[in-house]
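Heads up, the thing below is written out as structure tokens.
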Amino acid sequence: MIKLMVKRGKRIEYIDVARALGMIAIIIGHVGFSTWPVVVRIMFSFHLPIFFIVSGLLARKYPWRELIKKRLKSLIVPYLITSAVIIALVFVLRHTGANFWGAPVHSTWSWVLSALYGSGYNYEFGIQPIGAIWFLLAMFFASLFLNLIIDKKYRFIYAGLAMLAAYMIAPHFWAPWSILSAIAGTFYMLIGVKMKEIGLNRLMKWPIVLGSFIVWFCVLLISIKTSDYFSMVRLSFSILPLDIVAAIAGSFCVLVVAKLIEKYLRPVANVLKPFGEYSLIVLCVHLIDLCFIDWHAIIRFLGFNFGINGLSVLRLVGQFIWCICWVLIFRVVRNRQKVRAAFAVKEK
């Protein structure tokens, strides 16, 4: 069985690779929303469930005080910092007359309300969505919900009924702090818990992998003919419950691919691992990118004109470069902190 509980300070490489693949899918989904609808359907089918499933793989029953403290630090603090940066940038840009590509059109106060309400996509009470970092709120509450039922006998029944209720409520009222998405995410986290209990080595057999891929592929083929698509940010779907089955199957296939990359493509794994390790940082800087950088305007200013598809590709490249630069910055800062800590220990 794959040992998921590792020594403190150690990371599970293929988990980071899987997170990196999920983060890449998120960025592609955002860029290609209006130009590559089929690609977006594929990305949306797994890009968020994979994060919840991976969290379930690493989950255990926590004392409540320890869990809340840990999740506040890893999820809510980044949410608050990113929101504060966005609000500060909006305030400066709107009150100093600064002008550059992507200057915000919404007021500072509207962004404050967005941060307080925490919706990722839906407008509620006229409050605009906060954007991609809704996921941090959803993951925070999903972690709490999971801890509540992780050791219960009928945990899947509880999670399944709660998710069904969330899907029924979503079209009529979008709860604050992305709680409805968190309820849905709890079910996927339980799937990860179950995978860990069964053992990933036992699951990663070719018949199961092939069957999962076929299920995922067939549901995607069917969903292409529908008008809507599967999305956790607003709990939309093309075909329930097939979307949920496809999300689980697709996420499992991504885990298999991550494991194969770790085993057979070490250079690729080494490139992807930092992107997965700092996936939450990438999500935060990606939102700042979406809010303030108009890549199409920049590309046209530079004199490139390749049509809408070409512009989307260049925009995608620009966004990846932006995120990679921030990953490198945080790695340098973290490595310096480790070196200083090591010297401090030696001096003692």
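By order in the structure tokens, chains are A, B, ...; within a chain, residues start at 1; ligands start at 1, following the order shown.
Within the 12 Å cut-off around Arg155 in chain A, using only C-alpha atoms and omitting residues fewer than 2 positions from it on the same chain, the listed residues are A:Phe145, A:Leu146, A:Asn147, A:Leu148, A:Ile149, A:Ile150, A:Asp151, A:Lys152, A:Lys153, A:Ile157, A:Tyr158, A:Ala159, A:Gly160, A:Leu161, A:Ala162, A:Thr186, A:Phe187, A:Met189, A:Leu190, A:Ile191, A:Val193, A:Lys194.
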Write a file of the just-selected residues containing N, CA and C atoms, as a PDB file, in the first residue's frame.
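Wrote it out as out-v3.pdb, contents follow:
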```pdb
ATOM      1  N   PHE A 145     -16.335  20.173   7.522  1.00  0.00           N
ATOM      2  CA  PHE A 145     -17.429  19.222   7.329  1.00  0.00           C
ATOM      3  C   PHE A 145     -16.911  17.788   7.312  1.00  0.00           C
ATOM      4  N   LEU A 146     -15.769  17.591   6.643  1.00  0.00           N
ATOM      5  CA  LEU A 146     -15.193  16.240   6.576  1.00  0.00           C
ATOM      6  C   LEU A 146     -14.809  15.753   7.962  1.00  0.00           C
ATOM      7  N   ASN A 147     -14.194  16.619   8.748  1.00  0.00           N
ATOM      8  CA  ASN A 147     -13.776  16.218  10.093  1.00  0.00           C
ATOM      9  C   ASN A 147     -14.958  15.815  10.954  1.00  0.00           C
ATOM     10  N   LEU A 148     -16.118  16.388  10.640  1.00  0.00           N
ATOM     11  CA  LEU A 148     -17.344  16.089  11.396  1.00  0.00           C
ATOM     12  C   LEU A 148     -17.855  14.676  11.123  1.00  0.00           C
ATOM     13  N   ILE A 149     -17.644  14.168   9.890  1.00  0.00           N
ATOM     14  CA  ILE A 149     -18.254  12.891   9.512  1.00  0.00           C
ATOM     15  C   ILE A 149     -17.249  11.808   9.127  1.00  0.00           C
ATOM     16  N   ILE A 150     -15.947  12.111   9.140  1.00  0.00           N
ATOM     17  CA  ILE A 150     -14.957  11.188   8.593  1.00  0.00           C
ATOM     18  C   ILE A 150     -14.970   9.822   9.281  1.00  0.00           C
ATOM     19  N   ASP A 151     -15.325   9.782  10.552  1.00  0.00           N
ATOM     20  CA  ASP A 151     -15.321   8.519  11.287  1.00  0.00           C
ATOM     21  C   ASP A 151     -16.724   7.969  11.524  1.00  0.00           C
ATOM     22  N   LYS A 152     -17.722   8.517  10.837  1.00  0.00           N
ATOM     23  CA  LYS A 152     -19.103   8.062  11.008  1.00  0.00           C
ATOM     24  C   LYS A 152     -19.393   6.862  10.114  1.00  0.00           C
ATOM     25  N   LYS A 153     -20.268   6.025  10.563  1.00  0.00           N
ATOM     26  CA  LYS A 153     -20.607   4.812   9.827  1.00  0.00           C
ATOM     27  C   LYS A 153     -21.298   5.129   8.511  1.00  0.00           C
ATOM     28  N   ILE A 157     -23.599   8.564   3.115  1.00  0.00           N
ATOM     29  CA  ILE A 157     -25.014   8.933   3.030  1.00  0.00           C
ATOM     30  C   ILE A 157     -25.184  10.393   3.444  1.00  0.00           C
ATOM     31  N   TYR A 158     -24.545  10.768   4.555  1.00  0.00           N
ATOM     32  CA  TYR A 158     -24.622  12.162   5.010  1.00  0.00           C
ATOM     33  C   TYR A 158     -24.083  13.113   3.948  1.00  0.00           C
ATOM     34  N   ALA A 159     -22.896  12.792   3.425  1.00  0.00           N
ATOM     35  CA  ALA A 159     -22.264  13.673   2.441  1.00  0.00           C
ATOM     36  C   ALA A 159     -23.056  13.717   1.142  1.00  0.00           C
ATOM     37  N   GLY A 160     -23.582  12.567   0.711  1.00  0.00           N
ATOM     38  CA  GLY A 160     -24.354  12.504  -0.528  1.00  0.00           C
ATOM     39  C   GLY A 160     -25.639  13.299  -0.441  1.00  0.00           C
ATOM     40  N   LEU A 161     -26.365  13.165   0.679  1.00  0.00           N
ATOM     41  CA  LEU A 161     -27.613  13.908   0.858  1.00  0.00           C
ATOM     42  C   LEU A 161     -27.342  15.410   0.965  1.00  0.00           C
ATOM     43  N   ALA A 162     -26.257  15.764   1.644  1.00  0.00           N
ATOM     44  CA  ALA A 162     -25.899  17.186   1.774  1.00  0.00           C
ATOM     45  C   ALA A 162     -25.543  17.776   0.414  1.00  0.00           C
ATOM     46  N   THR A 186     -16.945  18.259   0.055  1.00  0.00           N
ATOM     47  CA  THR A 186     -16.813  17.272   1.131  1.00  0.00           C
ATOM     48  C   THR A 186     -16.999  15.856   0.607  1.00  0.00           C
ATOM     49  N   PHE A 187     -17.925  15.679  -0.321  1.00  0.00           N
ATOM     50  CA  PHE A 187     -18.157  14.353  -0.901  1.00  0.00           C
ATOM     51  C   PHE A 187     -16.909  13.859  -1.619  1.00  0.00           C
ATOM     52  N   MET A 189     -13.850  14.812  -1.039  1.00  0.00           N
ATOM     53  CA  MET A 189     -12.840  14.535  -0.028  1.00  0.00           C
ATOM     54  C   MET A 189     -13.042  13.144   0.573  1.00  0.00           C
ATOM     55  N   LEU A 190     -14.287  12.773   0.766  1.00  0.00           N
ATOM     56  CA  LEU A 190     -14.573  11.418   1.267  1.00  0.00           C
ATOM     57  C   LEU A 190     -14.130  10.349   0.281  1.00  0.00           C
ATOM     58  N   ILE A 191     -14.249  10.644  -1.014  1.00  0.00           N
ATOM     59  CA  ILE A 191     -13.752   9.713  -2.027  1.00  0.00           C
ATOM     60  C   ILE A 191     -12.247   9.517  -1.847  1.00  0.00           C
ATOM     61  N   VAL A 193     -10.583   9.893   0.952  1.00  0.00           N
ATOM     62  CA  VAL A 193     -10.416   9.112   2.184  1.00  0.00           C
ATOM     63  C   VAL A 193     -10.599   7.622   1.895  1.00  0.00           C
ATOM     64  N   LYS A 194     -11.621   7.304   1.110  1.00  0.00           N
ATOM     65  CA  LYS A 194     -11.899   5.901   0.777  1.00  0.00           C
ATOM     66  C   LYS A 194     -10.775   5.307  -0.061  1.00  0.00           C
TER      67      LYS A 194
END
```
Problem set entry | alpha helix (DSSP H) residues, from DSSP on the backbone, in range 171-289 of chain A, as number ranges by chain | A: 179-198, 200-203, 206-223, 242-264, 266-277, 279-289
Can you write out the residues you just picked, keeping C-alpha atoms, as a JSON list (two decimals), in the first residue's frame?
```
[["chain", "number", "residue", "atom", "x", "y", "z"],
["A", 179, "ILE", "CA", -20.44, 27.00, 1.55],
["A", 180, "LEU", "CA", -22.56, 25.19, -1.06],
["A", 181, "SER", "CA", -19.43, 24.37, -3.06],
["A", 182, "ALA", "CA", -17.78, 23.28, 0.19],
["A", 183, "ILE", "CA", -20.62, 20.83, 0.82],
["A", 184, "ALA", "CA", -20.13, 19.34, -2.63],
["A", 185, "GLY", "CA", -16.36, 19.28, -2.08],
["A", 186, "THR", "CA", -16.81, 17.27, 1.13],
["A", 187, "PHE", "CA", -18.16, 14.35, -0.90],
["A", 188, "TYR", "CA", -15.05, 14.34, -3.10],
["A", 189, "MET", "CA", -12.84, 14.53, -0.03],
["A", 190, "LEU", "CA", -14.57, 11.42, 1.27],
["A", 191, "ILE", "CA", -13.75, 9.71, -2.03],
["A", 192, "GLY", "CA", -10.10, 10.49, -1.35],
["A", 193, "VAL", "CA", -10.42, 9.11, 2.18],
["A", 194, "LYS", "CA", -11.90, 5.90, 0.78],
["A", 195, "MET", "CA", -9.12, 5.61, -1.80],
["A", 196, "LYS", "CA", -6.57, 5.84, 0.99],
["A", 197, "GLU", "CA", -8.38, 3.19, 3.03],
["A", 198, "ILE", "CA", -8.52, 0.78, 0.08],
["A", 200, "LEU", "CA", -3.98, 3.35, -4.14],
["A", 201, "ASN", "CA", -1.70, 0.52, -5.24],
["A", 202, "ARG", "CA", -4.67, -1.81, -5.19],
["A", 203, "LEU", "CA", -6.73, 0.67, -7.20],
["A", 206, "TRP", "CA", -4.84, -1.43, -15.49],
["A", 207, "PRO", "CA", -8.41, -2.81, -15.63],
["A", 208, "ILE", "CA", -9.57, -0.20, -13.09],
["A", 209, "VAL", "CA", -7.57, 2.58, -14.74],
["A", 210, "LEU", "CA", -8.87, 1.69, -18.20],
["A", 211, "GLY", "CA", -12.43, 1.42, -16.91],
["A", 212, "SER", "CA", -12.16, 4.81, -15.21],
["A", 213, "PHE", "CA", -10.85, 6.41, -18.39],
["A", 214, "ILE", "CA", -13.66, 4.90, -20.48],
["A", 215, "VAL", "CA", -16.29, 6.17, -18.02],
["A", 216, "TRP", "CA", -14.72, 9.63, -17.99],
["A", 217, "PHE", "CA", -14.43, 9.76, -21.79],
["A", 218, "CYS", "CA", -17.99, 8.52, -22.41],
["A", 219, "VAL", "CA", -19.56, 11.03, -20.03],
["A", 220, "LEU", "CA", -17.57, 13.82, -21.69],
["A", 221, "LEU", "CA", -18.84, 12.71, -25.10],
["A", 222, "ILE", "CA", -22.42, 12.78, -23.85],
["A", 223, "SER", "CA", -22.04, 16.12, -22.03],
["A", 242, "LEU", "CA", -22.92, 11.17, -14.39],
["A", 243, "ASP", "CA", -20.93, 14.40, -13.94],
["A", 244, "ILE", "CA", -20.01, 13.34, -10.42],
["A", 245, "VAL", "CA", -19.00, 9.86, -11.57],
["A", 246, "ALA", "CA", -16.90, 11.41, -14.37],
["A", 247, "ALA", "CA", -15.26, 13.83, -11.92],
["A", 248, "ILE", "CA", -14.17, 10.95, -9.71],
["A", 249, "ALA", "CA", -13.03, 8.83, -12.67],
["A", 250, "GLY", "CA", -11.18, 11.74, -14.29],
["A", 251, "SER", "CA", -9.47, 12.73, -11.04],
["A", 252, "PHE", "CA", -8.38, 9.13, -10.51],
["A", 253, "CYS", "CA", -6.91, 9.07, -14.02],
["A", 254, "VAL", "CA", -5.00, 12.29, -13.23],
["A", 255, "LEU", "CA", -3.59, 10.64, -10.09],
["A", 256, "VAL", "CA", -2.47, 7.69, -12.21],
["A", 257, "VAL", "CA", -0.81, 10.03, -14.72],
["A", 258, "ALA", "CA", 0.91, 11.87, -11.84],
["A", 259, "LYS", "CA", 2.19, 8.57, -10.46],
["A", 260, "LEU", "CA", 3.52, 7.55, -13.89],
["A", 261, "ILE", "CA", 5.22, 10.92, -14.33],
["A", 262, "GLU", "CA", 6.86, 10.56, -10.94],
["A", 263, "LYS", "CA", 8.10, 7.06, -11.79],
["A", 264, "TYR", "CA", 9.12, 7.33, -15.44],
["A", 266, "ARG", "CA", 11.63, 12.41, -13.42],
["A", 267, "PRO", "CA", 12.64, 15.65, -15.23],
["A", 268, "VAL", "CA", 8.97, 16.45, -15.90],
["A", 269, "ALA", "CA", 8.07, 15.61, -12.30],
["A", 270, "ASN", "CA", 10.81, 17.90, -11.00],
["A", 271, "VAL", "CA", 9.42, 20.76, -13.11],
["A", 272, "LEU", "CA", 5.82, 20.17, -12.03],
["A", 273, "LYS", "CA", 6.40, 19.58, -8.31],
["A", 274, "PRO", "CA", 6.99, 23.22, -7.32],
["A", 275, "PHE", "CA", 3.85, 24.22, -9.23],
["A", 276, "GLY", "CA", 1.91, 21.71, -7.14],
["A", 277, "GLU", "CA", 3.66, 22.49, -3.86],
["A", 279, "SER", "CA", -0.59, 25.56, -5.92],
["A", 280, "LEU", "CA", -2.46, 27.83, -3.48],
["A", 281, "ILE", "CA", 0.05, 30.62, -4.09],
["A", 282, "VAL", "CA", -0.41, 30.08, -7.83],
["A", 283, "LEU", "CA", -4.18, 30.34, -7.39],
["A", 284, "CYS", "CA", -3.85, 33.64, -5.54],
["A", 285, "VAL", "CA", -1.47, 35.30, -8.01],
["A", 286, "HIS", "CA", -3.55, 33.90, -10.87],
["A", 287, "LEU", "CA", -6.56, 35.84, -9.54],
["A", 288, "ILE", "CA", -4.49, 39.04, -9.39],
["A", 289, "ASP", "CA", -3.49, 38.33, -12.98]]
```
For this session: Please provide as a PyMOL selection string all residues within 7 Å of range 122-132 of chain A, with the sequence filter that same-chain residues fewer than 6 positions apart are discarded (counting only C-alpha atoms).
Result: chain A and resi 110+113-115+174+234+283+287
Give me a file of those residues, with N, CA and C atoms, as a PDB file, in the first residue's frame.
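Written file, part18.pdb:
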```pdb
ATOM      1  N   SER A 110     -17.061  47.688  -3.734  1.00  0.00           N
ATOM      2  CA  SER A 110     -17.639  46.461  -4.299  1.00  0.00           C
ATOM      3  C   SER A 110     -16.698  45.279  -4.097  1.00  0.00           C
ATOM      4  N   LEU A 113     -17.034  44.124  -0.443  1.00  0.00           N
ATOM      5  CA  LEU A 113     -18.218  43.277  -0.302  1.00  0.00           C
ATOM      6  C   LEU A 113     -17.979  41.890  -0.900  1.00  0.00           C
ATOM      7  N   SER A 114     -17.282  41.855  -2.032  1.00  0.00           N
ATOM      8  CA  SER A 114     -16.972  40.570  -2.667  1.00  0.00           C
ATOM      9  C   SER A 114     -16.139  39.691  -1.745  1.00  0.00           C
ATOM     10  N   ALA A 115     -15.142  40.301  -1.112  1.00  0.00           N
ATOM     11  CA  ALA A 115     -14.281  39.536  -0.203  1.00  0.00           C
ATOM     12  C   ALA A 115     -15.061  39.038   1.008  1.00  0.00           C
ATOM     13  N   TRP A 174     -27.459  31.526  -3.419  1.00  0.00           N
ATOM     14  CA  TRP A 174     -26.049  31.170  -3.286  1.00  0.00           C
ATOM     15  C   TRP A 174     -25.559  31.621  -1.919  1.00  0.00           C
ATOM     16  N   ARG A 234     -20.151  27.090  -9.300  1.00  0.00           N
ATOM     17  CA  ARG A 234     -21.560  27.493  -9.217  1.00  0.00           C
ATOM     18  C   ARG A 234     -22.508  26.299  -9.163  1.00  0.00           C
ATOM     19  N   LEU A 283      -2.770  29.947  -7.283  1.00  0.00           N
ATOM     20  CA  LEU A 283      -4.179  30.338  -7.394  1.00  0.00           C
ATOM     21  C   LEU A 283      -4.363  31.810  -7.042  1.00  0.00           C
ATOM     22  N   LEU A 287      -5.405  34.942  -9.661  1.00  0.00           N
ATOM     23  CA  LEU A 287      -6.556  35.842  -9.540  1.00  0.00           C
ATOM     24  C   LEU A 287      -6.129  37.291  -9.755  1.00  0.00           C
TER      25      LEU A 287
END
```
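Counting only C-alpha atoms, the residue from A:Arg331, A:Lys10, A:Arg41, A:Arg65 that sits nearest to Phe237 in chain A is A:Arg41.
For the pair CA of Trp111 in chain A and CA of Phe51 in chain A, the separation is 26.3 Å.
One finds CA of Met139 in chain A at 17.3 Å from CA of Tyr167 in chain A.
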For this session: State, in Å with one decimal place, the distance from CA of Arg300 in chain A to CA of Gly29 in chain A.
Result: 22.1 Å
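Excluding Tyr278 in chain A itself and same-chain residues fewer than 5 positions from it, the residues having an atom within 10 Å of it are Asp16, Arg19, Ala20, Met23, Lys273, Leu283, Cys323, Ile324, Trp326, Val327, Leu328, Phe330 and Arg331 of chain A, counting only C-alpha atoms.
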For this session: Mind checking which residues fall within 10 Å of Pro37 in chain A, counting only C-alpha atoms, ignoring those fewer than 5 positions away in the same chain, and posting them as a ChimeraX atom specification?
Result: /A:29,32,42-43,224,229
Selection to disk with N, CA and C atoms, as a CSV table (one decimal), in the first residue's frame:
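Wrote it out as selection_5.csv, contents follow:
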```
chain,number,residue,atom,x,y,z
A,29,GLY,N,-8.6,26.4,-18.2
A,29,GLY,CA,-10.1,26.6,-18.2
A,29,GLY,C,-10.5,28.0,-18.2
A,32,GLY,N,-9.4,29.6,-21.8
A,32,GLY,CA,-10.1,29.1,-23.0
A,32,GLY,C,-11.6,29.1,-22.9
A,42,ILE,N,-13.4,19.5,-20.7
A,42,ILE,CA,-12.5,18.5,-20.2
A,42,ILE,C,-11.8,19.0,-18.9
A,43,MET,N,-11.3,20.2,-18.9
A,43,MET,CA,-10.6,20.7,-17.7
A,43,MET,C,-11.5,20.8,-16.5
A,224,ILE,N,-21.0,16.9,-24.1
A,224,ILE,CA,-20.7,17.9,-25.1
A,224,ILE,C,-22.0,18.3,-25.8
A,229,TYR,N,-22.5,22.9,-18.4
A,229,TYR,CA,-21.3,22.1,-18.2
A,229,TYR,C,-21.1,21.9,-16.7
```
Problem set entry | Spatial neighbours of Leu80 in chain A, max dist 10 Å, only C-alpha atoms, sep filter under 3 positions, as number ranges by chain | A: 75-77, 83-86, 115-116, 133, 136
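In this comparison, which uses only C-alpha atoms, the residue of A:Trp295, A:Val112, A:Arg336, A:Ser55 approaching Gln319 in chain A most closely is A:Trp295.
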